[in-house]
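Chemist: Let me give you the structure first, and then I'll get to my questions.
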Amino acid sequence: MVASGICHTDVFLSCIPSGVPGIEYPRVLGHEGAGIVEEVGPGVTTAAVGDPVLLSYTYCSNCDLCGVNQKQYCLNWDGLNIVGDKTLNTAGGDAVQGKFFGQSSFAGQSIVDEASVVNVKGTVNNEELKLLAPLGCGLMTGSGAVFNSAKVKPFDIVVVTGIGAVGLGAVMAAKIAGVKEIIAVDRIGHRLQVAKELGATQILESKPDTNLTEELQKLAGGGRISYIFETTGVVGVIQGALGALGKHGKLLQIGVPPMDGELKVPLYRLMNQNQGFECIYLGETTGQEWVPKMIKWWREGKFPIEKLVKFYPAKDALEALHGMESGVAIKPVLVW
Ligand SMILES: [Zn+2]
Ligand SMILES: [Zn+2]
């Protein structure tokens, strides 16, 4: 492993106690890995020894939904990506749960699923791997949602709630797609400034008492909010944003809500205004399909991820987590 991004899902999973079905410790998390192949198993054709690779989630390739190119909803997703298996060992030889998202990238060396591998030989040099490590989850999730789930049009006004790596992926993609307005919402001013640099046309610094429905409608200036890319998972934010949708608008839920989170759904308004609420995963694409697209945009200067990445030596992982919490590191990347 050369580098690994830290994503909120790593934090979320680490907070689930042992004993919840599928959760076992010790385990190695990490799912935005980049590395160089040192060895391949029998039958592997995706990569060879020495190839630079970026890692994304894994899938079974055999279920009904994988069969219709909906691999992000693979029917075996949780078992393969969340539970993983005991492929790793401690220095003392004890078995450790690995293969988180098929990769468990918070490790100097790991054993990864072939389906997680995006071979970038010939397109990315070994030095660039460090910066591009986070493409496999957060940035793919945000940018893929704009193109694959919303399929935005030039007349669309879009809102992005939560300006982490997922939200900024959505902002950059919406700019590439050339939508009419991009409204970014966050509680941290510094993140909003980055959003502005990357394409947001309006920003809203929210406070706990902000009436999100009213403020968003004000910023839209009477225009129709067509898509909301919701990356915070905070129930109050989701509820407030939902109220701001315009006709035929849709809220795409991307951030993970709390396990006991509940929403009030105004059914008549949704029907009458033909509005929708949909939970989506991973930009509705695969690493193999989407990572090369993001690399191309990055080379063209349209996907400047260097503006959100902050590197930390792997041994300073805790500092990196605090950096993510305070907002100084929008996308912390651990480097070995
Ligand atoms: Zn499957
Ligand atoms: Zn992630």
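By convention here, the chains of the structure tokens are called A, B, ... in the order presented, each chain's residues are numbered starting at 1, and ligands are numbered starting at 1 in the order presented.
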Counting only C-alpha atoms, what is within 8 Å of Gly142 (chain A), bar same-chain residues fewer than 5 positions away, as an MDAnalysis selection string?

Modeler: chainID A and resid 165:171 173 229 282:283

Chemist: Kindly assemble as a tab-separated table a list of the region 72-101 of chain A residues that lie within 12 Å of region 285-307 of chain A, each paired with its nearest atom pair and their distance in Å to one decimal, using only C-alpha atoms, sorted first by chain and then by ascending residue number.

Modeler:
```
residue	atom	partner	partner_atom	distance
A:Gln72	CA	A:Thr285	CA	6.5
A:Tyr73	CA	A:Thr285	CA	9.8
A:Cys74	CA	A:Thr286	CA	11.2
A:Phe101	CA	A:Gly287	CA	11.8
```

Chemist: Using all heavy atoms, can you write the selected residues to a file as a PDB file, in the first residue's frame?

Modeler:
```pdb
ATOM      1  N   GLN A  72     -23.024  -1.850  -7.364  1.00  0.00           N
ATOM      2  CA  GLN A  72     -23.020  -1.137  -6.073  1.00  0.00           C
ATOM      3  C   GLN A  72     -24.136  -1.647  -5.165  1.00  0.00           C
ATOM      4  O   GLN A  72     -24.116  -1.396  -3.978  1.00  0.00           O
ATOM      5  CB  GLN A  72     -23.129   0.381  -6.281  1.00  0.00           C
ATOM      6  CG  GLN A  72     -24.432   0.879  -6.865  1.00  0.00           C
ATOM      7  CD  GLN A  72     -24.540   0.710  -8.377  1.00  0.00           C
ATOM      8  OE1 GLN A  72     -23.647   0.181  -9.033  1.00  0.00           O
ATOM      9  NE2 GLN A  72     -25.637   1.175  -8.951  1.00  0.00           N
ATOM     10  N   TYR A  73     -25.118  -2.351  -5.731  1.00  0.00           N
ATOM     11  CA  TYR A  73     -26.190  -2.929  -4.918  1.00  0.00           C
ATOM     12  C   TYR A  73     -26.099  -4.453  -4.902  1.00  0.00           C
ATOM     13  O   TYR A  73     -27.094  -5.139  -4.668  1.00  0.00           O
ATOM     14  CB  TYR A  73     -27.560  -2.467  -5.440  1.00  0.00           C
ATOM     15  CG  TYR A  73     -27.680  -0.968  -5.502  1.00  0.00           C
ATOM     16  CD1 TYR A  73     -27.975  -0.301  -6.683  1.00  0.00           C
ATOM     17  CD2 TYR A  73     -27.447  -0.209  -4.359  1.00  0.00           C
ATOM     18  CE1 TYR A  73     -28.050   1.087  -6.731  1.00  0.00           C
ATOM     19  CE2 TYR A  73     -27.512   1.169  -4.402  1.00  0.00           C
ATOM     20  CZ  TYR A  73     -27.811   1.815  -5.590  1.00  0.00           C
ATOM     21  OH  TYR A  73     -27.874   3.179  -5.631  1.00  0.00           O
ATOM     22  N   CYS A  74     -24.927  -4.977  -5.186  1.00  0.00           N
ATOM     23  CA  CYS A  74     -24.667  -6.429  -5.175  1.00  0.00           C
ATOM     24  C   CYS A  74     -25.404  -7.069  -3.995  1.00  0.00           C
ATOM     25  O   CYS A  74     -25.357  -6.568  -2.867  1.00  0.00           O
ATOM     26  CB  CYS A  74     -23.163  -6.666  -5.048  1.00  0.00           C
ATOM     27  SG  CYS A  74     -22.726  -8.397  -4.798  1.00  0.00           S
ATOM     28  N   PHE A 101     -14.274  -3.649   2.405  1.00  0.00           N
ATOM     29  CA  PHE A 101     -14.454  -3.158   1.026  1.00  0.00           C
ATOM     30  C   PHE A 101     -13.534  -3.918   0.051  1.00  0.00           C
ATOM     31  O   PHE A 101     -13.061  -3.367  -0.939  1.00  0.00           O
ATOM     32  CB  PHE A 101     -14.155  -1.645   0.931  1.00  0.00           C
ATOM     33  CG  PHE A 101     -15.347  -0.767   1.256  1.00  0.00           C
ATOM     34  CD1 PHE A 101     -15.909  -0.766   2.526  1.00  0.00           C
ATOM     35  CD2 PHE A 101     -15.914   0.072   0.294  1.00  0.00           C
ATOM     36  CE1 PHE A 101     -17.000   0.045   2.844  1.00  0.00           C
ATOM     37  CE2 PHE A 101     -17.010   0.884   0.595  1.00  0.00           C
ATOM     38  CZ  PHE A 101     -17.546   0.864   1.871  1.00  0.00           C
TER      39      PHE A 101
END
```

Chemist: Do you know which residues are within 6 Å of ligand 1 using only C-alpha atoms and all ligand atoms? Can you write them as a PyMOL selection string?

Modeler: chain A and resi 59-63+65-66+71+74-76

Chemist: What are the closest atom pairs, with distances in Å to one decimal, for all residues of chain A lying within 8 Å of ligand 2? Consider only C-alpha atoms and all ligand atoms, order rows by chain and residue number, and present the result as CSV.

Modeler:
```
residue,atom,partner,partner_atom_place_in_ligand_line,distance
A:Ile6,CA,ligand 2,1 (Zn),7.6
A:Cys7,CA,ligand 2,1 (Zn),4.6
A:His8,CA,ligand 2,1 (Zn),6.1
A:Thr9,CA,ligand 2,1 (Zn),5.1
A:Asp10,CA,ligand 2,1 (Zn),6.9
A:His31,CA,ligand 2,1 (Zn),6.3
A:Glu32,CA,ligand 2,1 (Zn),7.0
A:Gly136,CA,ligand 2,1 (Zn),7.9
A:Cys137,CA,ligand 2,1 (Zn),4.6
A:Gly138,CA,ligand 2,1 (Zn),5.1
```

Chemist: Mind listing the strand (DSSP E) residues of region 86-120 of chain A, per DSSP on the backbone, as a PyMOL selection string?

Modeler: chain A and resi 86-89+95-98+117-119

Chemist: May I have the residues within 9 Å of Gly162 (chain A) as a ChimeraX atom specification, using only C-alpha atoms and disregarding those fewer than 5 positions away in the same chain?

Modeler: /A:167-168,184-187,229-233,255

Chemist: Write out the residues from the selection above, keeping N, CA and C atoms, as a JSON list (two decimals), in the first residue's frame.

Modeler:
```
[["chain", "number", "residue", "atom", "x", "y", "z"],
["A", 167, "GLY", "N", -19.29, 15.56, -0.99],
["A", 167, "GLY", "CA", -19.95, 16.77, -1.43],
["A", 167, "GLY", "C", -19.14, 17.52, -2.48],
["A", 168, "LEU", "N", -17.83, 17.61, -2.27],
["A", 168, "LEU", "CA", -17.00, 18.31, -3.25],
["A", 168, "LEU", "C", -16.91, 17.54, -4.57],
["A", 184, "ALA", "N", -23.95, 25.25, -2.20],
["A", 184, "ALA", "CA", -23.25, 24.39, -1.24],
["A", 184, "ALA", "C", -23.63, 24.77, 0.18],
["A", 185, "VAL", "N", -23.91, 23.76, 1.01],
["A", 185, "VAL", "CA", -24.31, 24.00, 2.40],
["A", 185, "VAL", "C", -23.38, 23.25, 3.34],
["A", 186, "ASP", "N", -22.86, 23.95, 4.35],
["A", 186, "ASP", "CA", -22.06, 23.28, 5.38],
["A", 186, "ASP", "C", -22.07, 24.16, 6.62],
["A", 187, "ARG", "N", -21.58, 23.61, 7.73],
["A", 187, "ARG", "CA", -21.53, 24.42, 8.95],
["A", 187, "ARG", "C", -20.14, 25.03, 9.14],
["A", 229, "PHE", "N", -28.10, 16.74, -3.32],
["A", 229, "PHE", "CA", -27.16, 15.67, -3.03],
["A", 229, "PHE", "C", -26.86, 15.77, -1.54],
["A", 230, "GLU", "N", -27.46, 14.90, -0.76],
["A", 230, "GLU", "CA", -27.41, 15.01, 0.70],
["A", 230, "GLU", "C", -26.31, 14.08, 1.23],
["A", 231, "THR", "N", -25.23, 14.69, 1.74],
["A", 231, "THR", "CA", -24.10, 13.86, 2.16],
["A", 231, "THR", "C", -23.87, 13.86, 3.67],
["A", 232, "THR", "N", -24.72, 14.58, 4.44],
["A", 232, "THR", "CA", -24.45, 14.66, 5.88],
["A", 232, "THR", "C", -25.07, 13.51, 6.68],
["A", 233, "GLY", "N", -26.20, 13.01, 6.24],
["A", 233, "GLY", "CA", -26.90, 11.98, 7.01],
["A", 233, "GLY", "C", -27.58, 12.53, 8.26],
["A", 255, "GLY", "N", -25.28, 10.42, 2.28],
["A", 255, "GLY", "CA", -24.69, 10.28, 3.62],
["A", 255, "GLY", "C", -25.47, 9.26, 4.43]]
```

Chemist: Would you kindly return, as a list in words, each protein, DNA or RNA residue with an atom no farther than 6 Å from any atom of region 206-214 of chain A, considering only C-alpha atoms and excluding same-chain residues fewer than 3 positions away?

Modeler: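 Near neighbours after the sequence-gap exclusion: Asp186, Arg187, Gln217, Gly240, Ala241, Gly243 and Ala244 of chain A.
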
Chemist: Using C-alpha atoms, can you write the selected residues to a file as a CSV table (one decimal), in the first residue's frame?

Modeler:
```csv
chain,number,residue,atom,x,y,z
A,186,ASP,CA,-22.1,23.3,5.4
A,187,ARG,CA,-21.5,24.4,9.0
A,217,GLN,CA,-35.5,28.6,-1.5
A,240,GLY,CA,-35.1,20.8,5.9
A,241,ALA,CA,-33.6,20.2,2.4
A,243,GLY,CA,-38.9,20.9,1.9
A,244,ALA,CA,-36.9,23.0,-0.5
```

Chemist: Neighbouring residues of region 271-274 of chain A were defined as those with any atom within 12 Å, considering only C-alpha atoms; residues of the same chain fewer than 6 positions away were excluded. Please report them as a PyMOL selection string.

Modeler: chain A and resi 224-226+243-251+265

Chemist: What does the distance between CA of Glu278 (chain A) and CA of Gln253 (chain A) come to in Å, to one decimal place?

Modeler: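 The value is 5.9 Å.
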
Chemist: From region 83-259 of chain A, collect each residue whose DSSP state is helix (DSSP H, G or I) and return the set as a ChimeraX atom specification.

Modeler: /A:83,100-102,114-116,128-136,138-150,165-177,189-198,212-219,235-242

Chemist: With C-alpha atoms retained, could you export that selection as a compact mmCIF listing (two decimals), in the first residue's frame?

Modeler:
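Final file, part02.txt:
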```txt
# COMPACT_ATOMS: atom_id res chain seq x y z
CA VAL A 83 -17.87 -8.30 7.08
CA PHE A 100 -13.01 -4.48 4.32
CA PHE A 101 -14.45 -3.16 1.03
CA GLY A 102 -12.37 -5.98 -0.46
CA GLU A 114 -9.65 -8.71 -7.73
CA ALA A 115 -13.00 -6.91 -8.14
CA SER A 116 -11.65 -4.04 -5.99
CA GLU A 128 0.66 10.23 -8.43
CA LEU A 129 -0.86 7.20 -6.68
CA LYS A 130 -0.72 9.04 -3.35
CA LEU A 131 -2.91 11.89 -4.45
CA LEU A 132 -5.31 9.68 -6.38
CA ALA A 133 -5.86 7.15 -3.56
CA PRO A 134 -9.23 8.63 -2.48
CA LEU A 135 -10.84 8.29 -5.92
CA GLY A 136 -12.22 4.82 -5.11
CA GLY A 138 -15.83 9.42 -1.58
CA LEU A 139 -15.02 11.30 -4.77
CA MET A 140 -16.55 8.59 -6.95
CA THR A 141 -19.67 8.60 -4.76
CA GLY A 142 -20.23 12.34 -5.14
CA SER A 143 -19.33 12.76 -8.79
CA GLY A 144 -21.02 9.55 -9.91
CA ALA A 145 -24.28 10.62 -8.24
CA VAL A 146 -24.39 13.75 -10.42
CA PHE A 147 -23.92 11.93 -13.71
CA ASN A 148 -25.30 8.44 -13.11
CA SER A 149 -28.13 8.99 -10.62
CA ALA A 150 -29.33 12.53 -11.32
CA ALA A 165 -14.98 14.80 -0.14
CA VAL A 166 -18.33 13.34 -1.29
CA GLY A 167 -19.95 16.77 -1.43
CA LEU A 168 -17.00 18.31 -3.25
CA GLY A 169 -17.02 15.42 -5.71
CA ALA A 170 -20.63 16.39 -6.44
CA VAL A 171 -19.75 20.11 -6.72
CA MET A 172 -16.91 19.46 -9.20
CA ALA A 173 -19.05 17.08 -11.25
CA ALA A 174 -22.00 19.51 -11.34
CA LYS A 175 -19.62 22.18 -12.62
CA ILE A 176 -18.29 19.83 -15.30
CA ALA A 177 -21.89 19.02 -16.26
CA GLY A 189 -16.90 28.29 6.52
CA HIS A 190 -13.49 27.03 5.35
CA ARG A 191 -15.08 24.09 3.55
CA LEU A 192 -17.53 26.43 1.84
CA GLN A 193 -14.66 28.54 0.54
CA VAL A 194 -13.16 25.40 -1.03
CA ALA A 195 -16.59 24.59 -2.50
CA LYS A 196 -16.65 28.06 -4.06
CA GLU A 197 -13.20 27.58 -5.56
CA LEU A 198 -14.33 24.27 -7.03
CA LEU A 212 -32.90 25.20 5.63
CA THR A 213 -36.09 25.04 3.57
CA GLU A 214 -36.49 28.83 3.57
CA GLU A 215 -32.81 29.66 3.12
CA LEU A 216 -32.39 27.28 0.19
CA GLN A 217 -35.50 28.60 -1.54
CA LYS A 218 -34.20 32.15 -1.02
CA LEU A 219 -30.83 31.26 -2.57
CA VAL A 235 -31.94 14.01 9.98
CA GLY A 236 -32.69 17.73 10.49
CA VAL A 237 -30.69 18.62 7.38
CA ILE A 238 -32.44 15.97 5.30
CA GLN A 239 -35.86 17.11 6.50
CA GLY A 240 -35.13 20.80 5.86
CA ALA A 241 -33.60 20.16 2.44
CA LEU A 242 -36.50 17.93 1.37
```

Chemist: So that I can see what lies close to region 22-24 of chain A, please list as a ChimeraX atom specification the residues with an atom at most 12 Å from it, counting only C-alpha atoms and leaving out residues fewer than 6 positions away in the same chain.

Modeler: /A:13-16,78-86,95-98,100

Chemist: Gly35 (chain A): which residues within 7 Å, counting only C-alpha atoms, same-chain residues fewer than 3 positions away excluded, as a PyMOL selection string?

Modeler: chain A and resi 1-3+52-54

Chemist: With distances taken over only C-alpha atoms, which residue among A:Ala47, A:Glu319, A:Ser326, A:Gln70 lies nearest Ile280 (chain A)?

Modeler: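 Smallest distance to Ile280 (chain A) is found for A:Gln70.
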
Chemist: Looking at only C-alpha atoms, which of A:Pro332, A:Thr201, A:Tyr227, A:Pro42 is the one that sits closest to Gln275 (chain A)?

Modeler: A:Tyr227

Chemist: Rank nothing, just name the residue among A:Asp113, A:Pro26, A:Glu181, A:Thr123 nearest to Gly43 (chain A), using only C-alpha atoms.

Modeler: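 Residue with the minimum atom-to-atom distance to Gly43 (chain A): A:Asp113.
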